[in-house]
Amino acid sequence: MHPAPSVIIFTALSGLGFGLLTWLGFGFPEVSGATAFAMFFVAFALAAGGLLASTFHLGNPQRALKAFSQWRSSWLSREAVLAVASLGVMGLYAIGLIFLNSTWQLLGGIGGALSITTVFSTSMIYAQMKTVPRWRMPLTPVLFLTYALGGGALLAGQVLTASLLLLALSVLQLISWKLGDRRFAQAGSTIETATGLGFLGRVRLLEKPHSGSNYLMREMVHVVGRKHALKLRGIALLTLGIIPAALLLVLPFNHIIAVAAVASHLLGLFAARWLFFAEAEHVVGLYYDQRRVG
Amino acid sequence: MTTLPQNTGKKLGLVIDLDTCVGCHACVISCKEWNTSNYGAPLSDMDAYGESPEGTFLNRVHTFEAKLADKPAQIVHFPKSCLHCEDAPCVTVCPTGASYKRVEDGIVLVNEDNCIGCGLCAWACPYGAREMDAAAGVMKKCTLCVDRIYNENIPEKDREPACVRSCPAGARHFGDFADPDSNVSLLSAARDGLELMPELGTRPVNRYLPPRLKDDITDSSSIDILAPLLDPMPETASGFLGWLDKALEKF
Ligand code: SF4
Ligand code: SF4
Ligand code: SF4
């Protein structure tokens, strides 16, 4: 799939934002006044900023409100509804904490639950796609949730929890890559099943439908070099969990360390998210005979 | 609503005969011509006279080569448009309700006034049957020429999809798969109509008729169909030819 910057930024940042909101909703850490303001500001900026970025890839963003209507069937619609609900509830909760010095625990709990459910529905947009076998596995939502909770804990200053979650995340990410590498073959779609011509022997594309490119090829047929991908996987694995956890657990905690851990995690997050899209093969590529080699 | 109907009255769709398709792309052009000037936003072209022209199409013809070991290769032209799947994943992912499957005839359509151009439905379609129009920012797909097949303002013989009407080889057939006696049901049954990517469970309505196996030229006797006709003439002809022969020999 084409790794569109708007989608990468959106899923990465909003995941972080909703992860942080989840922790704040459940009272980790318990904040009030100016600290609460700062924390909620960061969380809202990430979550809402991510949502805003996601509208950049829409063809007709002025109709975005209509996307709230199909929550019965569409995960994208559910995500939109849940995101707005989370932000609304957490906004009220934040007002209590910041201005009224009162902690409405129930409200915070509801907001926290809504926030993490938002991340879940984001992940299901990908996990539901039969056309992209690499995404279609139960590990996809688990991975997205761990990203949100791990990154959120890091931003919420939960040093030990964050370190453990980020280490777990690194393991999960590695397993997802390994399992993901086999998913396309396991799903069983080939150029022969795509054309139904297997009974005539081995099939290959002789002529593309047009000499130029088209929307499908640009959007869904993205071929990434194996070496390039491996290098990025290495970088992502080190920076997203191992380096931050090492920084937090080994060195004496201070703000510079915290900033470095967050920066490292962000780098890993973006690299991994780029790979999440770039390495995902869509079955329509079969009609263009453009499977990744090796 | 983007939930799928339990059952549709009719199941309108196409049978595409891979044995007769000659790969002329007439259906591609007539589809574009009809659909750029009727239902919904026009099918735009980008950089039409430049170095890398491209555009929106609802129907494209790929050409494949299939080859069994030590058999001659076989060329198959392969037109591809929306298959109007019964379990259409493109419909259920749509957040706005713009994508829907009609209860009355099973046609899968996009209501462009509701489409935000998120592109998720194109991701969900295994067959590459949906393309986002670069100018309009809305999703385009085969409408099964819904504005022709019921159109009482055009002559009756034109009330079929533009691609079916224009195919010079008669390789495309339109009809109702819910009716077991329809032309498409009969054709598909008689020639074992293929379903594309059945493993994905989309239950496409359209069917592809498989091409026949090509004659094997490695065994030359089996293809020399003219040989019996080219047998040498008998030495002595009789009748009128015999007379002519003799008469000519005199000169
Ligand atoms: S072919 Fe694609 S666009 Fe058409 S109904 Fe099936 S999934 Fe939807
Ligand atoms: S591109 Fe339009 S039709 Fe397709 S899923 Fe998005 S809103 Fe629905
Ligand atoms: S039925 Fe109409 S819209 Fe669909 S491929 Fe044929 S000409 Fe194009």
# chains A, B, ... in the order shown; residues from 1 in each chain; ligands from 1
>>> residues_near_ligand(ligand="ligand 3", cutoff="8 Å", atoms="only C-alpha atoms and all ligand atoms", output="VMD selection string")
chain B and resid 14 27 to 28 30 to 32 34 to 35 58 to 59 80 to 82 141 to 146 160 to 164
>>> residues_near_ligand(ligand="ligand 2", cutoff="10 Å", atoms="only C-alpha atoms and all ligand atoms", output="VMD selection string")
(chain A and resid 58 to 61 63 to 64 66 to 67 70 74 76 to 77) or (chain B and resid 2 90 to 100 109 to 124 130 to 133 137 to 141)
>>> write_last_selection(atoms="C-alpha atoms", output="PDB file, in the first residue's frame")
ATOM      1  CA  LEU A  58     -10.013  13.030   1.660  1.00  0.00           C
ATOM      2  CA  GLY A  59     -11.236  13.974  -1.793  1.00  0.00           C
ATOM      3  CA  ASN A  60     -14.161  15.951  -0.364  1.00  0.00           C
ATOM      4  CA  PRO A  61     -13.373  16.848   3.275  1.00  0.00           C
ATOM      5  CA  ARG A  63     -18.614  16.385   3.725  1.00  0.00           C
ATOM      6  CA  ALA A  64     -16.669  14.785   6.589  1.00  0.00           C
ATOM      7  CA  LYS A  66     -21.403  12.336   6.944  1.00  0.00           C
ATOM      8  CA  ALA A  67     -18.756   9.892   8.133  1.00  0.00           C
ATOM      9  CA  GLN A  70     -22.559   4.412   9.336  1.00  0.00           C
ATOM     10  CA  SER A  74     -18.160   0.694   9.098  1.00  0.00           C
ATOM     11  CA  LEU A  76     -14.042   4.050   9.926  1.00  0.00           C
ATOM     12  CA  SER A  77     -17.362   5.532  10.942  1.00  0.00           C
TER      13      SER A  77
ATOM     14  CA  THR B   2     -23.881   0.548   3.991  1.00  0.00           C
ATOM     15  CA  CYS B  90     -16.496  -2.216  -0.539  1.00  0.00           C
ATOM     16  CA  VAL B  91     -19.989  -1.375   0.697  1.00  0.00           C
ATOM     17  CA  THR B  92     -19.681  -2.254   4.373  1.00  0.00           C
ATOM     18  CA  VAL B  93     -16.474  -0.271   4.930  1.00  0.00           C
ATOM     19  CA  CYS B  94     -17.954   3.000   3.659  1.00  0.00           C
ATOM     20  CA  PRO B  95     -18.296   5.453   6.568  1.00  0.00           C
ATOM     21  CA  THR B  96     -20.819   7.740   4.906  1.00  0.00           C
ATOM     22  CA  GLY B  97     -23.348   5.431   3.326  1.00  0.00           C
ATOM     23  CA  ALA B  98     -22.329   6.656  -0.120  1.00  0.00           C
ATOM     24  CA  SER B  99     -21.599   3.105  -1.249  1.00  0.00           C
ATOM     25  CA  TYR B 100     -24.571   0.810  -1.379  1.00  0.00           C
ATOM     26  CA  LEU B 109     -23.409   2.079  -6.700  1.00  0.00           C
ATOM     27  CA  VAL B 110     -21.797   5.176  -5.204  1.00  0.00           C
ATOM     28  CA  ASN B 111     -23.965   8.137  -4.295  1.00  0.00           C
ATOM     29  CA  GLU B 112     -21.381  10.759  -5.095  1.00  0.00           C
ATOM     30  CA  ASP B 113     -23.121  13.494  -3.112  1.00  0.00           C
ATOM     31  CA  ASN B 114     -22.302  11.570   0.066  1.00  0.00           C
ATOM     32  CA  CYS B 115     -18.814  10.382  -0.865  1.00  0.00           C
ATOM     33  CA  ILE B 116     -16.000  12.057   1.080  1.00  0.00           C
ATOM     34  CA  GLY B 117     -13.350  10.441  -1.095  1.00  0.00           C
ATOM     35  CA  CYS B 118     -11.661   8.510   1.698  1.00  0.00           C
ATOM     36  CA  GLY B 119     -10.756   5.677  -0.657  1.00  0.00           C
ATOM     37  CA  LEU B 120     -11.431   2.932   1.867  1.00  0.00           C
ATOM     38  CA  CYS B 121     -13.832   1.128  -0.466  1.00  0.00           C
ATOM     39  CA  ALA B 122     -11.123   0.883  -3.118  1.00  0.00           C
ATOM     40  CA  TRP B 123      -8.866  -0.720  -0.513  1.00  0.00           C
ATOM     41  CA  ALA B 124     -11.590  -3.215   0.322  1.00  0.00           C
ATOM     42  CA  ARG B 130     -13.015   1.273  -7.946  1.00  0.00           C
ATOM     43  CA  GLU B 131     -11.006   4.323  -8.883  1.00  0.00           C
ATOM     44  CA  MET B 132     -10.960   7.712  -7.200  1.00  0.00           C
ATOM     45  CA  ASP B 133     -11.454  10.444  -9.734  1.00  0.00           C
ATOM     46  CA  GLY B 137     -12.335  13.542  -5.515  1.00  0.00           C
ATOM     47  CA  VAL B 138     -15.159  11.006  -5.452  1.00  0.00           C
ATOM     48  CA  MET B 139     -15.116   7.263  -5.981  1.00  0.00           C
ATOM     49  CA  LYS B 140     -16.036   6.023  -9.449  1.00  0.00           C
ATOM     50  CA  LYS B 141     -17.065   2.526 -10.346  1.00  0.00           C
TER      51      LYS B 141
END
>>> atom_distance(atom1="atom CA of B:Arg159", atom2="atom CA of B:Val184")
16.0 Å
>>> residues_near_ligand(ligand="ligand 1", cutoff="6 Å", atoms="only C-alpha atoms and all ligand atoms", output="PDB file with all heavy atoms, in the first residue's frame")
ATOM      1  N   CYS B  82     -16.425  -3.826 -12.268  1.00  0.00           N
ATOM      2  CA  CYS B  82     -17.018  -4.273 -10.996  1.00  0.00           C
ATOM      3  C   CYS B  82     -17.815  -5.552 -11.207  1.00  0.00           C
ATOM      4  O   CYS B  82     -18.541  -5.697 -12.178  1.00  0.00           O
ATOM      5  CB  CYS B  82     -17.925  -3.186 -10.427  1.00  0.00           C
ATOM      6  SG  CYS B  82     -18.870  -3.747  -8.994  1.00  0.00           S
ATOM      7  N   LEU B  83     -17.689  -6.483 -10.265  1.00  0.00           N
ATOM      8  CA  LEU B  83     -18.357  -7.778 -10.371  1.00  0.00           C
ATOM      9  C   LEU B  83     -19.667  -7.809  -9.584  1.00  0.00           C
ATOM     10  O   LEU B  83     -20.307  -8.836  -9.465  1.00  0.00           O
ATOM     11  CB  LEU B  83     -17.417  -8.877  -9.865  1.00  0.00           C
ATOM     12  CG  LEU B  83     -16.002  -8.851 -10.457  1.00  0.00           C
ATOM     13  CD1 LEU B  83     -15.050  -9.694  -9.632  1.00  0.00           C
ATOM     14  CD2 LEU B  83     -16.012  -9.356 -11.882  1.00  0.00           C
ATOM     15  N   HIS B  84     -20.028  -6.643  -9.010  1.00  0.00           N
ATOM     16  CA  HIS B  84     -21.291  -6.485  -8.266  1.00  0.00           C
ATOM     17  C   HIS B  84     -21.493  -7.602  -7.250  1.00  0.00           C
ATOM     18  O   HIS B  84     -22.563  -8.230  -7.174  1.00  0.00           O
ATOM     19  CB  HIS B  84     -22.457  -6.330  -9.241  1.00  0.00           C
ATOM     20  CG  HIS B  84     -22.294  -5.093 -10.082  1.00  0.00           C
ATOM     21  ND1 HIS B  84     -22.611  -3.838  -9.625  1.00  0.00           N
ATOM     22  CD2 HIS B  84     -21.745  -4.914 -11.314  1.00  0.00           C
ATOM     23  CE1 HIS B  84     -22.296  -2.940 -10.541  1.00  0.00           C
ATOM     24  NE2 HIS B  84     -21.764  -3.565 -11.578  1.00  0.00           N
ATOM     25  N   CYS B  85     -20.437  -7.808  -6.451  1.00  0.00           N
ATOM     26  CA  CYS B  85     -20.391  -8.894  -5.469  1.00  0.00           C
ATOM     27  C   CYS B  85     -21.612  -8.935  -4.558  1.00  0.00           C
ATOM     28  O   CYS B  85     -22.145  -7.892  -4.159  1.00  0.00           O
ATOM     29  CB  CYS B  85     -19.154  -8.732  -4.594  1.00  0.00           C
ATOM     30  SG  CYS B  85     -17.643  -8.616  -5.558  1.00  0.00           S
ATOM     31  N   ALA B  88     -20.346  -7.708  -0.794  1.00  0.00           N
ATOM     32  CA  ALA B  88     -19.420  -6.682  -1.277  1.00  0.00           C
ATOM     33  C   ALA B  88     -18.715  -5.979  -0.113  1.00  0.00           C
ATOM     34  O   ALA B  88     -19.336  -5.211   0.615  1.00  0.00           O
ATOM     35  CB  ALA B  88     -20.183  -5.665  -2.115  1.00  0.00           C
ATOM     36  N   PRO B  89     -17.421  -6.235   0.072  1.00  0.00           N
ATOM     37  CA  PRO B  89     -16.700  -5.610   1.182  1.00  0.00           C
ATOM     38  C   PRO B  89     -16.559  -4.098   0.989  1.00  0.00           C
ATOM     39  O   PRO B  89     -16.416  -3.358   1.965  1.00  0.00           O
ATOM     40  CB  PRO B  89     -15.331  -6.288   1.146  1.00  0.00           C
ATOM     41  CG  PRO B  89     -15.169  -6.787  -0.254  1.00  0.00           C
ATOM     42  CD  PRO B  89     -16.547  -7.104  -0.742  1.00  0.00           C
ATOM     43  N   CYS B  90     -16.631  -3.642  -0.268  1.00  0.00           N
ATOM     44  CA  CYS B  90     -16.496  -2.216  -0.539  1.00  0.00           C
ATOM     45  C   CYS B  90     -17.653  -1.426   0.058  1.00  0.00           C
ATOM     46  O   CYS B  90     -17.523  -0.248   0.363  1.00  0.00           O
ATOM     47  CB  CYS B  90     -16.460  -1.997  -2.049  1.00  0.00           C
ATOM     48  SG  CYS B  90     -17.922  -2.685  -2.850  1.00  0.00           S
ATOM     49  N   VAL B 108     -24.201  -2.425  -7.427  1.00  0.00           N
ATOM     50  CA  VAL B 108     -23.432  -1.711  -6.404  1.00  0.00           C
ATOM     51  C   VAL B 108     -23.110  -0.314  -6.941  1.00  0.00           C
ATOM     52  O   VAL B 108     -22.522  -0.178  -8.015  1.00  0.00           O
ATOM     53  CB  VAL B 108     -22.137  -2.464  -6.055  1.00  0.00           C
ATOM     54  CG1 VAL B 108     -21.279  -1.649  -5.095  1.00  0.00           C
ATOM     55  CG2 VAL B 108     -22.464  -3.826  -5.441  1.00  0.00           C
ATOM     56  N   CYS B 125     -11.882  -3.515  -2.085  1.00  0.00           N
ATOM     57  CA  CYS B 125     -12.214  -4.286  -3.287  1.00  0.00           C
ATOM     58  C   CYS B 125     -10.993  -5.068  -3.768  1.00  0.00           C
ATOM     59  O   CYS B 125      -9.963  -4.481  -4.058  1.00  0.00           O
ATOM     60  CB  CYS B 125     -12.700  -3.358  -4.400  1.00  0.00           C
ATOM     61  SG  CYS B 125     -12.846  -4.217  -5.990  1.00  0.00           S
ATOM     62  N   TYR B 127     -10.629  -6.564  -6.545  1.00  0.00           N
ATOM     63  CA  TYR B 127     -10.522  -6.652  -7.999  1.00  0.00           C
ATOM     64  C   TYR B 127     -10.075  -5.355  -8.671  1.00  0.00           C
ATOM     65  O   TYR B 127     -10.007  -5.285  -9.884  1.00  0.00           O
ATOM     66  CB  TYR B 127     -11.876  -7.083  -8.574  1.00  0.00           C
ATOM     67  CG  TYR B 127     -12.414  -8.315  -7.882  1.00  0.00           C
ATOM     68  CD1 TYR B 127     -13.461  -8.237  -6.967  1.00  0.00           C
ATOM     69  CD2 TYR B 127     -11.847  -9.564  -8.126  1.00  0.00           C
ATOM     70  CE1 TYR B 127     -13.941  -9.363  -6.318  1.00  0.00           C
ATOM     71  CE2 TYR B 127     -12.320 -10.701  -7.481  1.00  0.00           C
ATOM     72  CZ  TYR B 127     -13.363 -10.595  -6.585  1.00  0.00           C
ATOM     73  OH  TYR B 127     -13.823 -11.711  -5.935  1.00  0.00           O
ATOM     74  N   ALA B 129     -11.749  -2.574  -8.849  1.00  0.00           N
ATOM     75  CA  ALA B 129     -12.876  -2.112  -9.648  1.00  0.00           C
ATOM     76  C   ALA B 129     -13.309  -0.689  -9.309  1.00  0.00           C
ATOM     77  O   ALA B 129     -14.241  -0.176  -9.899  1.00  0.00           O
ATOM     78  CB  ALA B 129     -14.059  -3.063  -9.465  1.00  0.00           C
ATOM     79  N   ARG B 130     -12.621  -0.076  -8.342  1.00  0.00           N
ATOM     80  CA  ARG B 130     -13.015   1.273  -7.946  1.00  0.00           C
ATOM     81  C   ARG B 130     -11.836   2.216  -8.113  1.00  0.00           C
ATOM     82  O   ARG B 130     -10.726   1.893  -7.699  1.00  0.00           O
ATOM     83  CB  ARG B 130     -13.450   1.284  -6.478  1.00  0.00           C
ATOM     84  CG  ARG B 130     -14.740   0.570  -6.245  1.00  0.00           C
ATOM     85  CD  ARG B 130     -15.079   0.557  -4.782  1.00  0.00           C
ATOM     86  NE  ARG B 130     -16.462   0.125  -4.616  1.00  0.00           N
ATOM     87  CZ  ARG B 130     -17.422   0.881  -4.115  1.00  0.00           C
ATOM     88  NH1 ARG B 130     -17.151   2.101  -3.695  1.00  0.00           N
ATOM     89  NH2 ARG B 130     -18.646   0.431  -4.022  1.00  0.00           N
TER      90      ARG B 130
END
>>> atom_distance(atom1="atom CA of A:Ala278", atom2="atom CA of A:Val224")
6.5 Å
>>> interface_residues(of="chain A", to="chain B", cutoff="7 Å", atoms="only C-alpha atoms", output="mmCIF file with N, CA, C and O atoms, in the first residue's frame")
data_model
loop_
_atom_site.group_PDB
_atom_site.id
_atom_site.type_symbol
_atom_site.label_atom_id
_atom_site.label_comp_id
_atom_site.auth_asym_id
_atom_site.auth_seq_id
_atom_site.Cartn_x
_atom_site.Cartn_y
_atom_site.Cartn_z
ATOM 1 N N HIS A 57 -6.284 13.591 3.363
ATOM 2 C CA HIS A 57 -6.280 12.687 2.221
ATOM 3 C C HIS A 57 -7.683 12.429 1.680
ATOM 4 O O HIS A 57 -7.884 11.596 0.818
ATOM 5 N N LEU A 58 -8.658 13.188 2.180
ATOM 6 C CA LEU A 58 -10.013 13.030 1.660
ATOM 7 C C LEU A 58 -10.182 13.812 0.367
ATOM 8 O O LEU A 58 -9.633 14.904 0.212
ATOM 9 N N GLY A 59 -10.961 13.270 -0.544
ATOM 10 C CA GLY A 59 -11.236 13.974 -1.793
ATOM 11 C C GLY A 59 -12.218 15.104 -1.583
ATOM 12 O O GLY A 59 -12.182 16.128 -2.259
ATOM 13 N N ASN A 60 -13.136 14.940 -0.638
ATOM 14 C CA ASN A 60 -14.161 15.951 -0.364
ATOM 15 C C ASN A 60 -14.348 16.131 1.137
ATOM 16 O O ASN A 60 -15.373 15.738 1.709
ATOM 17 N N PRO A 61 -13.333 16.748 1.808
ATOM 18 C CA PRO A 61 -13.373 16.848 3.275
ATOM 19 C C PRO A 61 -14.560 17.659 3.791
ATOM 20 O O PRO A 61 -14.962 17.480 4.934
ATOM 21 N N ARG A 63 -17.477 17.233 3.354
ATOM 22 C CA ARG A 63 -18.614 16.385 3.725
ATOM 23 C C ARG A 63 -18.274 15.446 4.883
ATOM 24 O O ARG A 63 -18.978 14.470 5.122
ATOM 25 N N ALA A 64 -17.180 15.734 5.592
ATOM 26 C CA ALA A 64 -16.669 14.785 6.589
ATOM 27 C C ALA A 64 -17.713 14.414 7.639
ATOM 28 O O ALA A 64 -17.691 13.307 8.167
ATOM 29 N N LYS A 66 -20.610 13.508 7.334
ATOM 30 C CA LYS A 66 -21.403 12.336 6.944
ATOM 31 C C LYS A 66 -20.758 11.040 7.414
ATOM 32 O O LYS A 66 -21.400 9.997 7.474
ATOM 33 N N ALA A 67 -19.475 11.098 7.729
ATOM 34 C CA ALA A 67 -18.756 9.892 8.133
ATOM 35 C C ALA A 67 -19.194 9.392 9.516
ATOM 36 O O ALA A 67 -18.778 8.330 9.948
ATOM 37 N N PHE A 68 -20.042 10.163 10.208
ATOM 38 C CA PHE A 68 -20.501 9.710 11.525
ATOM 39 C C PHE A 68 -21.727 8.822 11.426
ATOM 40 O O PHE A 68 -22.211 8.310 12.420
ATOM 41 N N SER A 69 -22.229 8.631 10.205
ATOM 42 C CA SER A 69 -23.550 8.009 10.082
ATOM 43 C C SER A 69 -23.559 6.491 10.027
ATOM 44 O O SER A 69 -24.553 5.870 10.345
ATOM 45 N N GLN A 70 -22.466 5.855 9.614
ATOM 46 C CA GLN A 70 -22.559 4.412 9.336
ATOM 47 C C GLN A 70 -21.897 3.542 10.386
ATOM 48 O O GLN A 70 -21.331 2.483 10.087
ATOM 49 N N SER A 73 -22.043 -0.430 10.489
ATOM 50 C CA SER A 73 -21.303 -1.371 9.640
ATOM 51 C C SER A 73 -19.837 -1.003 9.451
ATOM 52 O O SER A 73 -19.017 -1.874 9.221
ATOM 53 N N SER A 74 -19.488 0.271 9.538
ATOM 54 C CA SER A 74 -18.160 0.694 9.098
ATOM 55 C C SER A 74 -17.236 1.031 10.269
ATOM 56 O O SER A 74 -17.569 1.861 11.130
ATOM 57 N N TRP A 75 -16.067 0.417 10.292
ATOM 58 C CA TRP A 75 -15.096 0.706 11.357
ATOM 59 C C TRP A 75 -14.584 2.137 11.274
ATOM 60 O O TRP A 75 -14.268 2.761 12.281
ATOM 61 N N LEU A 76 -14.503 2.673 10.073
ATOM 62 C CA LEU A 76 -14.042 4.050 9.926
ATOM 63 C C LEU A 76 -15.045 5.009 10.559
ATOM 64 O O LEU A 76 -14.681 5.970 11.238
ATOM 65 N N SER A 77 -16.331 4.702 10.345
ATOM 66 C CA SER A 77 -17.362 5.532 10.942
ATOM 67 C C SER A 77 -17.347 5.396 12.475
ATOM 68 O O SER A 77 -17.456 6.381 13.205
ATOM 69 N N MET A 129 -9.332 -5.903 6.539
ATOM 70 C CA MET A 129 -9.125 -5.931 5.082
ATOM 71 C C MET A 129 -8.648 -7.298 4.601
ATOM 72 O O MET A 129 -7.476 -7.632 4.709
ATOM 73 N N LYS A 130 -9.568 -8.064 4.028
ATOM 74 C CA LYS A 130 -9.173 -9.351 3.452
ATOM 75 C C LYS A 130 -8.231 -9.155 2.279
ATOM 76 O O LYS A 130 -7.498 -10.062 1.900
ATOM 77 N N THR A 131 -8.302 -7.970 1.685
ATOM 78 C CA THR A 131 -7.485 -7.706 0.501
ATOM 79 C C THR A 131 -6.019 -7.477 0.845
ATOM 80 O O THR A 131 -5.178 -7.470 -0.041
ATOM 81 N N SER A 189 -4.218 -16.185 -2.318
ATOM 82 C CA SER A 189 -4.542 -15.533 -3.579
ATOM 83 C C SER A 189 -3.295 -15.462 -4.448
ATOM 84 O O SER A 189 -2.225 -15.081 -3.983
ATOM 85 N N THR A 193 -5.570 -17.503 -9.152
ATOM 86 C CA THR A 193 -6.936 -17.408 -8.610
ATOM 87 C C THR A 193 -7.568 -16.073 -9.009
ATOM 88 O O THR A 193 -8.779 -15.982 -9.173
ATOM 89 N N ALA A 194 -6.725 -15.046 -9.180
ATOM 90 C CA ALA A 194 -7.253 -13.730 -9.551
ATOM 91 C C ALA A 194 -7.836 -13.754 -10.958
ATOM 92 O O ALA A 194 -8.812 -13.072 -11.244
ATOM 93 N N THR A 195 -7.232 -14.537 -11.847
ATOM 94 C CA THR A 195 -7.696 -14.566 -13.229
ATOM 95 C C THR A 195 -8.524 -15.811 -13.525
ATOM 96 O O THR A 195 -9.181 -15.878 -14.557
ATOM 97 N N GLY A 196 -8.466 -16.798 -12.645
ATOM 98 C CA GLY A 196 -9.162 -18.059 -12.898
ATOM 99 C C GLY A 196 -8.501 -18.873 -14.003
ATOM 100 O O GLY A 196 -9.064 -19.850 -14.486
ATOM 101 N N LEU A 200 -4.850 -23.214 -17.251
ATOM 102 C CA LEU A 200 -4.071 -23.069 -18.489
ATOM 103 C C LEU A 200 -2.576 -23.047 -18.205
ATOM 104 O O LEU A 200 -1.776 -22.892 -19.124
ATOM 105 N N GLY A 201 -2.217 -23.132 -16.946
ATOM 106 C CA GLY A 201 -0.797 -23.149 -16.604
ATOM 107 C C GLY A 201 -0.391 -21.944 -15.792
ATOM 108 O O GLY A 201 -1.220 -21.294 -15.143
ATOM 109 N N ARG A 202 0.883 -21.634 -15.843
ATOM 110 C CA ARG A 202 1.401 -20.464 -15.115
ATOM 111 C C ARG A 202 0.987 -19.194 -15.824
ATOM 112 O O ARG A 202 1.132 -19.083 -17.036
ATOM 113 N N VAL A 203 0.486 -18.245 -15.047
ATOM 114 C CA VAL A 203 -0.031 -17.020 -15.658
ATOM 115 C C VAL A 203 0.924 -15.872 -15.392
ATOM 116 O O VAL A 203 1.500 -15.767 -14.305
ATOM 117 N N ARG A 204 1.135 -15.042 -16.417
ATOM 118 C CA ARG A 204 1.865 -13.799 -16.177
ATOM 119 C C ARG A 204 1.209 -12.675 -16.980
ATOM 120 O O ARG A 204 0.486 -12.943 -17.949
ATOM 121 N N LEU A 205 1.460 -11.441 -16.547
ATOM 122 C CA LEU A 205 0.870 -10.311 -17.269
ATOM 123 C C LEU A 205 1.672 -10.083 -18.539
ATOM 124 O O LEU A 205 2.902 -10.013 -18.503
ATOM 125 N N LEU A 206 0.965 -9.994 -19.652
ATOM 126 C CA LEU A 206 1.657 -9.727 -20.902
ATOM 127 C C LEU A 206 1.600 -8.238 -21.210
ATOM 128 O O LEU A 206 2.589 -7.635 -21.602
ATOM 129 N N GLU A 207 0.403 -7.648 -21.022
ATOM 130 C CA GLU A 207 0.266 -6.214 -21.266
ATOM 131 C C GLU A 207 -0.603 -5.592 -20.193
ATOM 132 O O GLU A 207 -1.671 -6.109 -19.874
ATOM 133 N N LYS A 208 -0.140 -4.465 -19.670
ATOM 134 C CA LYS A 208 -0.949 -3.705 -18.729
ATOM 135 C C LYS A 208 -2.134 -3.109 -19.486
ATOM 136 O O LYS A 208 -2.073 -2.933 -20.698
ATOM 137 N N PRO A 209 -3.211 -2.788 -18.757
ATOM 138 C CA PRO A 209 -4.364 -2.204 -19.442
ATOM 139 C C PRO A 209 -4.053 -0.862 -20.110
ATOM 140 O O PRO A 209 -4.691 -0.501 -21.086
ATOM 141 N N GLY A 212 0.226 4.042 -19.140
ATOM 142 C CA GLY A 212 0.543 4.896 -18.004
ATOM 143 C C GLY A 212 0.197 4.241 -16.686
ATOM 144 O O GLY A 212 -0.121 3.054 -16.616
ATOM 145 N N SER A 213 0.254 5.029 -15.630
ATOM 146 C CA SER A 213 -0.095 4.522 -14.312
ATOM 147 C C SER A 213 -1.589 4.747 -14.082
ATOM 148 O O SER A 213 -2.302 5.215 -14.968
ATOM 149 N N ASN A 214 -2.086 4.391 -12.913
ATOM 150 C CA ASN A 214 -3.463 4.724 -12.566
ATOM 151 C C ASN A 214 -3.616 4.771 -11.051
ATOM 152 O O ASN A 214 -2.686 4.466 -10.306
ATOM 153 N N TYR A 215 -4.792 5.161 -10.608
ATOM 154 C CA TYR A 215 -5.064 5.308 -9.179
ATOM 155 C C TYR A 215 -4.742 4.024 -8.410
ATOM 156 O O TYR A 215 -4.127 4.056 -7.342
ATOM 157 N N LEU A 216 -5.163 2.895 -8.970
ATOM 158 C CA LEU A 216 -4.969 1.620 -8.260
ATOM 159 C C LEU A 216 -3.503 1.326 -8.051
ATOM 160 O O LEU A 216 -3.082 0.905 -6.978
ATOM 161 N N VAL A 283 -4.061 -7.494 -2.750
ATOM 162 C CA VAL A 283 -4.215 -8.540 -3.772
ATOM 163 C C VAL A 283 -4.423 -7.979 -5.180
ATOM 164 O O VAL A 283 -4.175 -8.686 -6.161
ATOM 165 N N VAL A 284 -4.849 -6.719 -5.295
ATOM 166 C CA VAL A 284 -5.068 -6.190 -6.646
ATOM 167 C C VAL A 284 -3.746 -6.143 -7.426
ATOM 168 O O VAL A 284 -3.739 -6.175 -8.654
#
>>> closest_residue(among="A:Gly285, A:Pro3, A:Gly15, A:Gly152", to="A:Glu79", atoms="only C-alpha atoms")
A:Gly15
>>> residues_around(residues="stretch 254-266 of chain A", least_positions_apart="5", cutoff="6 Å", atoms="only C-alpha atoms", output="ChimeraX atom specification")
/A:239-240,244
>>> atom_distance(atom1="atom CA of A:Ala272", atom2="atom CA of A:Leu169")
11.4 Å
>>> closest_residue(among="A:Phe184, A:Phe199, A:Tyr288, A:Trp177", to="A:Val221", atoms="only C-alpha atoms")
A:Tyr288
>>> select_by_dssp(residues="stretch 28-209 of chain B", states="helix (DSSP H, G or I)", output="ChimeraX atom specification")
/B:28-36,89-92,120-124,146-149,156-158,162-166,183-190,198-200
>>> select_by_dssp(residues="stretch 72-262 of chain A", states="strand (DSSP E or B)", output="ChimeraX atom specification")
/A:202-207
>>> write_last_selection(atoms="N, CA, C and O atoms", output="short mmCIF file (atom, residue, chain, number, x, y, z; two decimals), in the first residue's frame")
data_model
loop_
_atom_site.label_atom_id
_atom_site.label_comp_id
_atom_site.auth_asym_id
_atom_site.auth_seq_id
_atom_site.Cartn_x
_atom_site.Cartn_y
_atom_site.Cartn_z
N ARG A 202 0.88 -21.63 -15.84
CA ARG A 202 1.40 -20.46 -15.12
C ARG A 202 0.99 -19.19 -15.82
O ARG A 202 1.13 -19.08 -17.04
N VAL A 203 0.49 -18.25 -15.05
CA VAL A 203 -0.03 -17.02 -15.66
C VAL A 203 0.92 -15.87 -15.39
O VAL A 203 1.50 -15.77 -14.30
N ARG A 204 1.14 -15.04 -16.42
CA ARG A 204 1.86 -13.80 -16.18
C ARG A 204 1.21 -12.68 -16.98
O ARG A 204 0.49 -12.94 -17.95
N LEU A 205 1.46 -11.44 -16.55
CA LEU A 205 0.87 -10.31 -17.27
C LEU A 205 1.67 -10.08 -18.54
O LEU A 205 2.90 -10.01 -18.50
N LEU A 206 0.97 -9.99 -19.65
CA LEU A 206 1.66 -9.73 -20.90
C LEU A 206 1.60 -8.24 -21.21
O LEU A 206 2.59 -7.63 -21.60
N GLU A 207 0.40 -7.65 -21.02
CA GLU A 207 0.27 -6.21 -21.27
C GLU A 207 -0.60 -5.59 -20.19
O GLU A 207 -1.67 -6.11 -19.87
#
